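Asker: Starting off with a structure, shown below.
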Amino acid sequence: MTSYATPAGGLPPQTQLTTDRAVFTEAYAVLPRGTMTDIVTSLLPFWDNTRLWVIARPLTGFSETFSQYIVEVSPGGGSDRPELNPAAEGVLFVVEGELRLTLDGNAHALTAGSYVFVPPAAQWTLHNDSDATATFHWIRKRYEVVEGIDAPPAFVTHDSEVVGGEMPGTDGAWTTQRFADPTDIRHDMHVNIVNFEPGGAIPFPETHVMEHGLYVLEGKAVYLLNRDWVEVQAGDFMWLRAFCPQACYAGGPGRFRYLLYKDVNRHALLNLP
């Protein structure tokens with residue numbers, strides 16, 4: 001059965017050492033799962049019985065294109081006005097519990113593994129009618145409008161319904177579940193799940209224009225971030241700036257999986273007079 005990492009919350013005891021794997025550099029950042037405690041949560045307008053960990057936001061020297069939240073909705077919680085910016089698109093990925101979504105008038109029952117694309121200006125609500133906490137990732141980006149190209153429509157699917165595409169020459173050791181058609185130019189961001197079997201690897205330092213947000217859903221690995229090899233595990237988050245070299249080795253004994261954001265299909269923005 002598939003399982004997904006969620007923040008433990010709480011607060012460590014006074015006896016715990018403060019030395020950890022957390023690091024923030026000019027090329028990447030690592031937020032280990034232990035940094036996501038109760039005292040670093042945030043609240044949002046028009047959300048009831050809900051708290052969240054903001055793990056990426058547009059900031060000089062950090063994320064430039066997106067924000068990412070881990071949202072924890074208690075029983076009875078949710079929102080009738082979840083998104084206040086009509087220019088924002090979003091992806092919701094549920095990692096725990098059950099949620100009731102209405103999206104452009106259509107009702108959807110979401111469970112762990114549910115994936116939702118929310119286009120800009122969509123009308124939606126989200127509520128937890130169950131008696132257990134529900135947790136989801138919410139990735140937001142300002143949609144880059146192109147004259148003559150419509151914004152992509154909303155869709156709802158599930159992790160179990162999207163087959164992983166095998167990366168060439170890997171014999172299935174490295175696969176990617178692509179939730180949006182990679183040839184659909186209407187999309188200006190992709191949020192996929194990348195999977196490695198034990199011992200699977202990215203065998204070269206990828207260096208490219210896409211910015212990444214990377215949340216480890218399952219397993220562990222050693223990840224190359226710029227010049228540093230860093231151990232990561234389920235519940236950790238990584239941010240990689242554009243052109244930051246990256247590679248990895250999956251450490252086993254189980255699969256290594258992560259939720260991956262990247263910006264795609266648009267010209268580089270230019271600072272013109």
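Residues in the structure tokens are numbered from 1 in each chain, the chains being A, B, ... in the order shown, and ligands are numbered from 1 in the order shown.
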Write out as a compact mmCIF listing (two decimals) with C-alpha atoms, in the first residue's frame which residues come within 12 Å of Arg21 of chain A when counting only C-alpha atoms, dropping same-chain ones fewer than 6 positions away.
Answerer:
# COMPACT_ATOMS: atom_id res chain seq x y z
CA ALA A 29 17.88 24.77 0.44
CA VAL A 30 17.04 21.67 2.47
CA LEU A 31 14.23 21.75 5.03
CA PRO A 32 14.43 18.41 6.88
CA ARG A 33 11.20 16.96 8.22
CA GLY A 34 12.28 17.79 11.78
CA THR A 35 12.07 21.51 11.06
CA TRP A 229 25.99 15.28 -1.52
CA VAL A 230 23.14 15.43 1.01
CA GLU A 231 21.18 12.59 2.63
CA VAL A 232 17.42 13.08 2.40
CA GLN A 233 14.44 11.04 3.57
CA ASP A 236 12.20 16.43 3.67
CA PHE A 237 11.81 19.34 1.24
CA MET A 238 14.42 20.66 -1.19
Asker: Leaving out His137 of chain A and any residue of its chain fewer than 2 positions from it, which residues lie within 12 Å of it when counting only C-alpha atoms, given as a ChimeraX atom specification?
Answerer: /A:4-7,52-56,67-73,90-96,112-117,134-135,139-140,191,213-217,235,237,259-261
Asker: With C-alpha atoms kept, could you save the residues just selected as a PDB file, in the first residue's frame?
Answerer:
ATOM      1  CA  TYR A   4       3.039   9.435   1.946  1.00  0.00           C
ATOM      2  CA  ALA A   5       5.121  11.370   4.445  1.00  0.00           C
ATOM      3  CA  THR A   6       3.378  14.028   6.525  1.00  0.00           C
ATOM      4  CA  PRO A   7       4.780  16.475   9.096  1.00  0.00           C
ATOM      5  CA  LEU A  52       0.044  25.091   7.194  1.00  0.00           C
ATOM      6  CA  TRP A  53       3.779  24.899   6.770  1.00  0.00           C
ATOM      7  CA  VAL A  54       5.035  27.343   4.140  1.00  0.00           C
ATOM      8  CA  ILE A  55       8.002  25.505   2.647  1.00  0.00           C
ATOM      9  CA  ALA A  56       8.617  27.772  -0.364  1.00  0.00           C
ATOM     10  CA  SER A  67       4.970  28.877  -3.407  1.00  0.00           C
ATOM     11  CA  GLN A  68       4.385  25.534  -1.716  1.00  0.00           C
ATOM     12  CA  TYR A  69       2.410  24.779   1.420  1.00  0.00           C
ATOM     13  CA  ILE A  70       1.735  21.633   3.429  1.00  0.00           C
ATOM     14  CA  VAL A  71      -1.822  22.226   4.638  1.00  0.00           C
ATOM     15  CA  GLU A  72      -3.309  20.389   7.618  1.00  0.00           C
ATOM     16  CA  VAL A  73      -7.107  20.582   7.867  1.00  0.00           C
ATOM     17  CA  GLY A  90      -2.519  25.597  -8.281  1.00  0.00           C
ATOM     18  CA  VAL A  91      -1.971  21.900  -7.746  1.00  0.00           C
ATOM     19  CA  LEU A  92      -3.357  20.074  -4.726  1.00  0.00           C
ATOM     20  CA  PHE A  93      -1.897  16.681  -3.771  1.00  0.00           C
ATOM     21  CA  VAL A  94      -3.475  14.881  -0.822  1.00  0.00           C
ATOM     22  CA  VAL A  95      -1.139  12.888   1.422  1.00  0.00           C
ATOM     23  CA  GLU A  96      -3.448  12.015   4.339  1.00  0.00           C
ATOM     24  CA  ALA A 112      -4.571  10.199  -0.074  1.00  0.00           C
ATOM     25  CA  GLY A 113      -3.026  10.228  -3.550  1.00  0.00           C
ATOM     26  CA  SER A 114      -5.636  12.528  -5.120  1.00  0.00           C
ATOM     27  CA  TYR A 115      -4.224  15.160  -7.489  1.00  0.00           C
ATOM     28  CA  VAL A 116      -6.054  18.323  -8.551  1.00  0.00           C
ATOM     29  CA  PHE A 117      -5.074  20.978 -11.089  1.00  0.00           C
ATOM     30  CA  ALA A 134      -6.478  15.660   6.332  1.00  0.00           C
ATOM     31  CA  THR A 135      -3.206  16.926   4.862  1.00  0.00           C
ATOM     32  CA  ILE A 139       1.599  24.455  -4.990  1.00  0.00           C
ATOM     33  CA  ARG A 140       0.726  27.904  -6.370  1.00  0.00           C
ATOM     34  CA  VAL A 191       3.959  18.879 -10.821  1.00  0.00           C
ATOM     35  CA  GLY A 213      10.567  22.240  -5.443  1.00  0.00           C
ATOM     36  CA  LEU A 214      11.057  18.638  -4.319  1.00  0.00           C
ATOM     37  CA  TYR A 215       9.199  17.015  -1.410  1.00  0.00           C
ATOM     38  CA  VAL A 216      10.188  13.450  -0.492  1.00  0.00           C
ATOM     39  CA  LEU A 217       7.032  11.342  -0.234  1.00  0.00           C
ATOM     40  CA  GLY A 235       9.252  14.269   4.806  1.00  0.00           C
ATOM     41  CA  PHE A 237      11.811  19.342   1.243  1.00  0.00           C
ATOM     42  CA  LEU A 259       6.670  15.318  -5.612  1.00  0.00           C
ATOM     43  CA  LEU A 260       8.451  17.579  -8.107  1.00  0.00           C
ATOM     44  CA  TYR A 261       7.551  21.114  -9.217  1.00  0.00           C
TER      45      TYR A 261
END
Asker: Sorted by chain and rising residue number, list the residues of segment 139-201 of chain A at most 12 Å from segment 99-109 of chain A (counting only C-alpha atoms), each with its closest atom pair and distance in Å to one decimal, as a tab-separated table.
Answerer:
residue	atom	partner	partner_atom	distance
A:Pro153	CA	A:Asp104	CA	10.3
A:Ala154	CA	A:Leu103	CA	7.9
A:Phe155	CA	A:Leu103	CA	9.0
A:Val156	CA	A:His108	CA	8.0
A:Thr157	CA	A:His108	CA	10.0
A:His158	CA	A:Ala109	CA	11.1
Asker: Those residues you just picked out, can you put them in a file as a compact mmCIF listing (two decimals), in the first residue's frame with N, CA, C and O atoms?
Answerer:
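Produced file again_22.txt, reproduced below:
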# COMPACT_ATOMS: atom_id res chain seq x y z
N PRO A 153 -7.63 23.51 -18.67
CA PRO A 153 -8.80 23.28 -17.83
C PRO A 153 -8.44 22.57 -16.54
O PRO A 153 -7.38 21.94 -16.41
N ALA A 154 -9.34 22.62 -15.58
CA ALA A 154 -9.19 21.89 -14.33
C ALA A 154 -9.28 20.39 -14.59
O ALA A 154 -9.95 19.94 -15.52
N PHE A 155 -8.59 19.62 -13.74
CA PHE A 155 -8.78 18.17 -13.77
C PHE A 155 -8.45 17.58 -12.40
O PHE A 155 -7.70 18.17 -11.61
N VAL A 156 -9.05 16.41 -12.15
CA VAL A 156 -8.84 15.67 -10.90
C VAL A 156 -8.48 14.25 -11.27
O VAL A 156 -9.15 13.62 -12.10
N THR A 157 -7.42 13.73 -10.67
CA THR A 157 -7.01 12.36 -10.92
C THR A 157 -6.41 11.79 -9.63
O THR A 157 -6.59 12.37 -8.56
N HIS A 158 -5.71 10.66 -9.75
CA HIS A 158 -5.15 10.01 -8.56
C HIS A 158 -3.82 9.38 -8.91
O HIS A 158 -3.61 8.92 -10.04
Asker: Find the spatial neighbours of Leu224 of chain A, counting only C-alpha atoms, within a cut-off of 12 Å - ignore same-chain residues fewer than 6 positions away - and output them as a PyMOL selection string.
Answerer: chain A and resi 27-30+201-207+230-232+238+240+244-250
Asker: Atoms to include: N, CA, C and O atoms. Write the selected residues as a tab-separated table (two decimals), in the first residue's frame.
Answerer:
chain	number	residue	atom	x	y	z
A	27	ALA	N	22.29	28.37	-3.90
A	27	ALA	CA	21.87	27.50	-4.99
A	27	ALA	C	20.76	26.53	-4.61
A	27	ALA	O	20.03	26.05	-5.47
A	28	TYR	N	20.62	26.21	-3.31
A	28	TYR	CA	19.62	25.25	-2.89
A	28	TYR	C	19.33	25.44	-1.41
A	28	TYR	O	20.07	26.10	-0.68
A	29	ALA	N	18.23	24.82	-0.98
A	29	ALA	CA	17.88	24.77	0.44
A	29	ALA	C	17.36	23.39	0.76
A	29	ALA	O	16.74	22.73	-0.10
A	30	VAL	N	17.60	22.93	1.97
A	30	VAL	CA	17.04	21.67	2.47
A	30	VAL	C	16.31	21.96	3.77
A	30	VAL	O	16.91	22.50	4.72
A	201	ALA	N	19.20	5.61	-10.00
A	201	ALA	CA	20.00	6.84	-9.91
A	201	ALA	C	19.69	7.79	-11.05
A	201	ALA	O	19.26	7.37	-12.14
A	202	ILE	N	19.91	9.08	-10.81
A	202	ILE	CA	20.12	10.06	-11.88
A	202	ILE	C	21.62	10.04	-12.14
A	202	ILE	O	22.39	10.50	-11.29
A	203	PRO	N	22.07	9.51	-13.27
A	203	PRO	CA	23.49	9.19	-13.43
A	203	PRO	C	24.35	10.32	-13.98
A	203	PRO	O	25.47	10.08	-14.40
A	204	PHE	N	23.81	11.55	-13.96
A	204	PHE	CA	24.60	12.69	-14.41
A	204	PHE	C	24.07	13.93	-13.71
A	204	PHE	O	22.93	13.96	-13.26
A	205	PRO	N	24.87	14.97	-13.56
A	205	PRO	CA	24.39	16.18	-12.88
A	205	PRO	C	23.49	17.01	-13.80
A	205	PRO	O	23.97	17.76	-14.65
A	206	GLU	N	22.17	16.85	-13.62
A	206	GLU	CA	21.23	17.67	-14.39
A	206	GLU	C	21.49	19.15	-14.08
A	206	GLU	O	21.58	19.54	-12.92
A	207	THR	N	21.57	19.94	-15.13
A	207	THR	CA	21.79	21.39	-14.97
A	207	THR	C	20.91	22.08	-15.99
A	207	THR	O	21.17	22.01	-17.20
A	230	VAL	N	23.95	15.25	-0.19
A	230	VAL	CA	23.14	15.43	1.01
A	230	VAL	C	22.21	14.23	1.16
A	230	VAL	O	21.55	13.82	0.20
A	231	GLU	N	22.14	13.65	2.37
A	231	GLU	CA	21.18	12.59	2.63
A	231	GLU	C	19.79	13.19	2.87
A	231	GLU	O	19.65	14.15	3.64
A	232	VAL	N	18.79	12.62	2.22
A	232	VAL	CA	17.42	13.08	2.40
A	232	VAL	C	16.52	11.88	2.62
A	232	VAL	O	16.85	10.75	2.22
A	238	MET	N	13.27	20.01	-0.58
A	238	MET	CA	14.42	20.66	-1.19
A	238	MET	C	13.95	21.71	-2.18
A	238	MET	O	12.99	21.48	-2.92
A	240	LEU	N	15.63	23.94	-5.37
A	240	LEU	CA	16.80	24.03	-6.24
A	240	LEU	C	16.59	25.19	-7.21
A	240	LEU	O	15.59	25.21	-7.94
A	244	CYS	N	21.01	24.79	-10.89
A	244	CYS	CA	21.71	24.08	-9.80
A	244	CYS	C	21.94	22.63	-10.23
A	244	CYS	O	20.98	21.91	-10.49
A	245	PRO	N	23.19	22.17	-10.30
A	245	PRO	CA	23.44	20.77	-10.65
A	245	PRO	C	22.77	19.83	-9.64
A	245	PRO	O	22.78	20.09	-8.44
A	246	GLN	N	22.20	18.73	-10.16
A	246	GLN	CA	21.51	17.79	-9.29
A	246	GLN	C	21.64	16.37	-9.84
A	246	GLN	O	21.69	16.15	-11.04
A	247	ALA	N	21.71	15.41	-8.94
A	247	ALA	CA	21.70	13.99	-9.26
A	247	ALA	C	21.32	13.27	-7.98
A	247	ALA	O	21.23	13.89	-6.91
A	248	CYS	N	21.09	11.94	-8.06
A	248	CYS	CA	20.78	11.22	-6.84
A	248	CYS	C	21.03	9.74	-6.99
A	248	CYS	O	21.08	9.21	-8.11
A	249	TYR	N	21.19	9.07	-5.84
A	249	TYR	CA	21.20	7.62	-5.72
A	249	TYR	C	20.13	7.25	-4.69
A	249	TYR	O	20.15	7.74	-3.56
A	250	ALA	N	19.19	6.37	-5.09
A	250	ALA	CA	18.17	5.90	-4.15
A	250	ALA	C	18.80	4.91	-3.18
A	250	ALA	O	19.48	3.97	-3.59
Asker: Just the strand (DSSP E) stuff from segment 125-208 of chain A, please, per backbone DSSP, written as an MDAnalysis selection string.
Answerer: chainID A and resid 125:127 134:142 155:158 165:166 174:177 189:196 201:206
Asker: Create the file for the chosen residues now, containing C-alpha atoms and written as a PDB file, in the first residue's frame.
Answerer:
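For reference, result-v5.pdb as written:
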ATOM      1  CA  THR A 125     -14.084  25.110  -2.104  1.00  0.00           C
ATOM      2  CA  LEU A 126     -12.435  22.496   0.111  1.00  0.00           C
ATOM      3  CA  HIS A 127     -13.697  20.953   3.364  1.00  0.00           C
ATOM      4  CA  ALA A 134      -6.478  15.660   6.332  1.00  0.00           C
ATOM      5  CA  THR A 135      -3.206  16.926   4.862  1.00  0.00           C
ATOM      6  CA  PHE A 136      -2.369  18.100   1.348  1.00  0.00           C
ATOM      7  CA  HIS A 137       0.317  19.930  -0.605  1.00  0.00           C
ATOM      8  CA  TRP A 138      -0.741  23.164  -2.288  1.00  0.00           C
ATOM      9  CA  ILE A 139       1.599  24.455  -4.990  1.00  0.00           C
ATOM     10  CA  ARG A 140       0.726  27.904  -6.370  1.00  0.00           C
ATOM     11  CA  LYS A 141       2.096  29.861  -9.319  1.00  0.00           C
ATOM     12  CA  ARG A 142       1.066  33.043 -11.101  1.00  0.00           C
ATOM     13  CA  PHE A 155      -8.781  18.172 -13.774  1.00  0.00           C
ATOM     14  CA  VAL A 156      -8.840  15.672 -10.899  1.00  0.00           C
ATOM     15  CA  THR A 157      -7.005  12.358 -10.920  1.00  0.00           C
ATOM     16  CA  HIS A 158      -5.152  10.009  -8.560  1.00  0.00           C
ATOM     17  CA  GLY A 165       6.909   6.553 -17.787  1.00  0.00           C
ATOM     18  CA  GLU A 166      10.211   4.696 -17.798  1.00  0.00           C
ATOM     19  CA  TRP A 174      13.656   5.480 -12.729  1.00  0.00           C
ATOM     20  CA  THR A 175      10.127   6.455 -13.733  1.00  0.00           C
ATOM     21  CA  THR A 176       8.131   9.684 -13.827  1.00  0.00           C
ATOM     22  CA  GLN A 177       4.374  10.028 -13.384  1.00  0.00           C
ATOM     23  CA  MET A 189       4.207  24.390 -14.686  1.00  0.00           C
ATOM     24  CA  HIS A 190       4.384  20.653 -14.149  1.00  0.00           C
ATOM     25  CA  VAL A 191       3.959  18.879 -10.821  1.00  0.00           C
ATOM     26  CA  ASN A 192       4.954  15.234 -11.216  1.00  0.00           C
ATOM     27  CA  ILE A 193       5.945  12.275  -9.051  1.00  0.00           C
ATOM     28  CA  VAL A 194       9.416  10.841  -9.650  1.00  0.00           C
ATOM     29  CA  ASN A 195      10.093   7.243  -8.583  1.00  0.00           C
ATOM     30  CA  PHE A 196      13.334   5.316  -8.049  1.00  0.00           C
ATOM     31  CA  ALA A 201      20.000   6.840  -9.913  1.00  0.00           C
ATOM     32  CA  ILE A 202      20.116  10.056 -11.884  1.00  0.00           C
ATOM     33  CA  PRO A 203      23.494   9.188 -13.426  1.00  0.00           C
ATOM     34  CA  PHE A 204      24.603  12.687 -14.411  1.00  0.00           C
ATOM     35  CA  PRO A 205      24.385  16.180 -12.880  1.00  0.00           C
ATOM     36  CA  GLU A 206      21.234  17.670 -14.392  1.00  0.00           C
TER      37      GLU A 206
END
Asker: Can you tell me which residues surround Ala132 of chain A at a distance of at most 10 Å, considering only C-alpha atoms, apart from same-chain residues fewer than 4 positions away, and format the answer as a PyMOL selection string?
Answerer: chain A and resi 73-76+96-98+128
Asker: Restricting the calculation to only C-alpha atoms, which member of A:Ser3, A:His267, A:Val209, A:Trp124 is positioned closest to Asp159 of chain A?
Answerer: A:Ser3
Asker: Which polymer residues have any atom within 6 Å of an atom of Met210 of chain A, counting only C-alpha atoms, with same-chain residues fewer than 2 positions away left out, as a ChimeraX atom specification?
Answerer: /A:208,242,262-263
Asker: Compare A:Asn85, A:Glu211, A:Thr111, A:Ile39 by their minimum atom-to-atom distance to Ser160 of chain A, counting only C-alpha atoms, and give me the closest one.
Answerer: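 Once distances to Ser160 of chain A are computed over only C-alpha atoms, the minimum belongs to A:Thr111.
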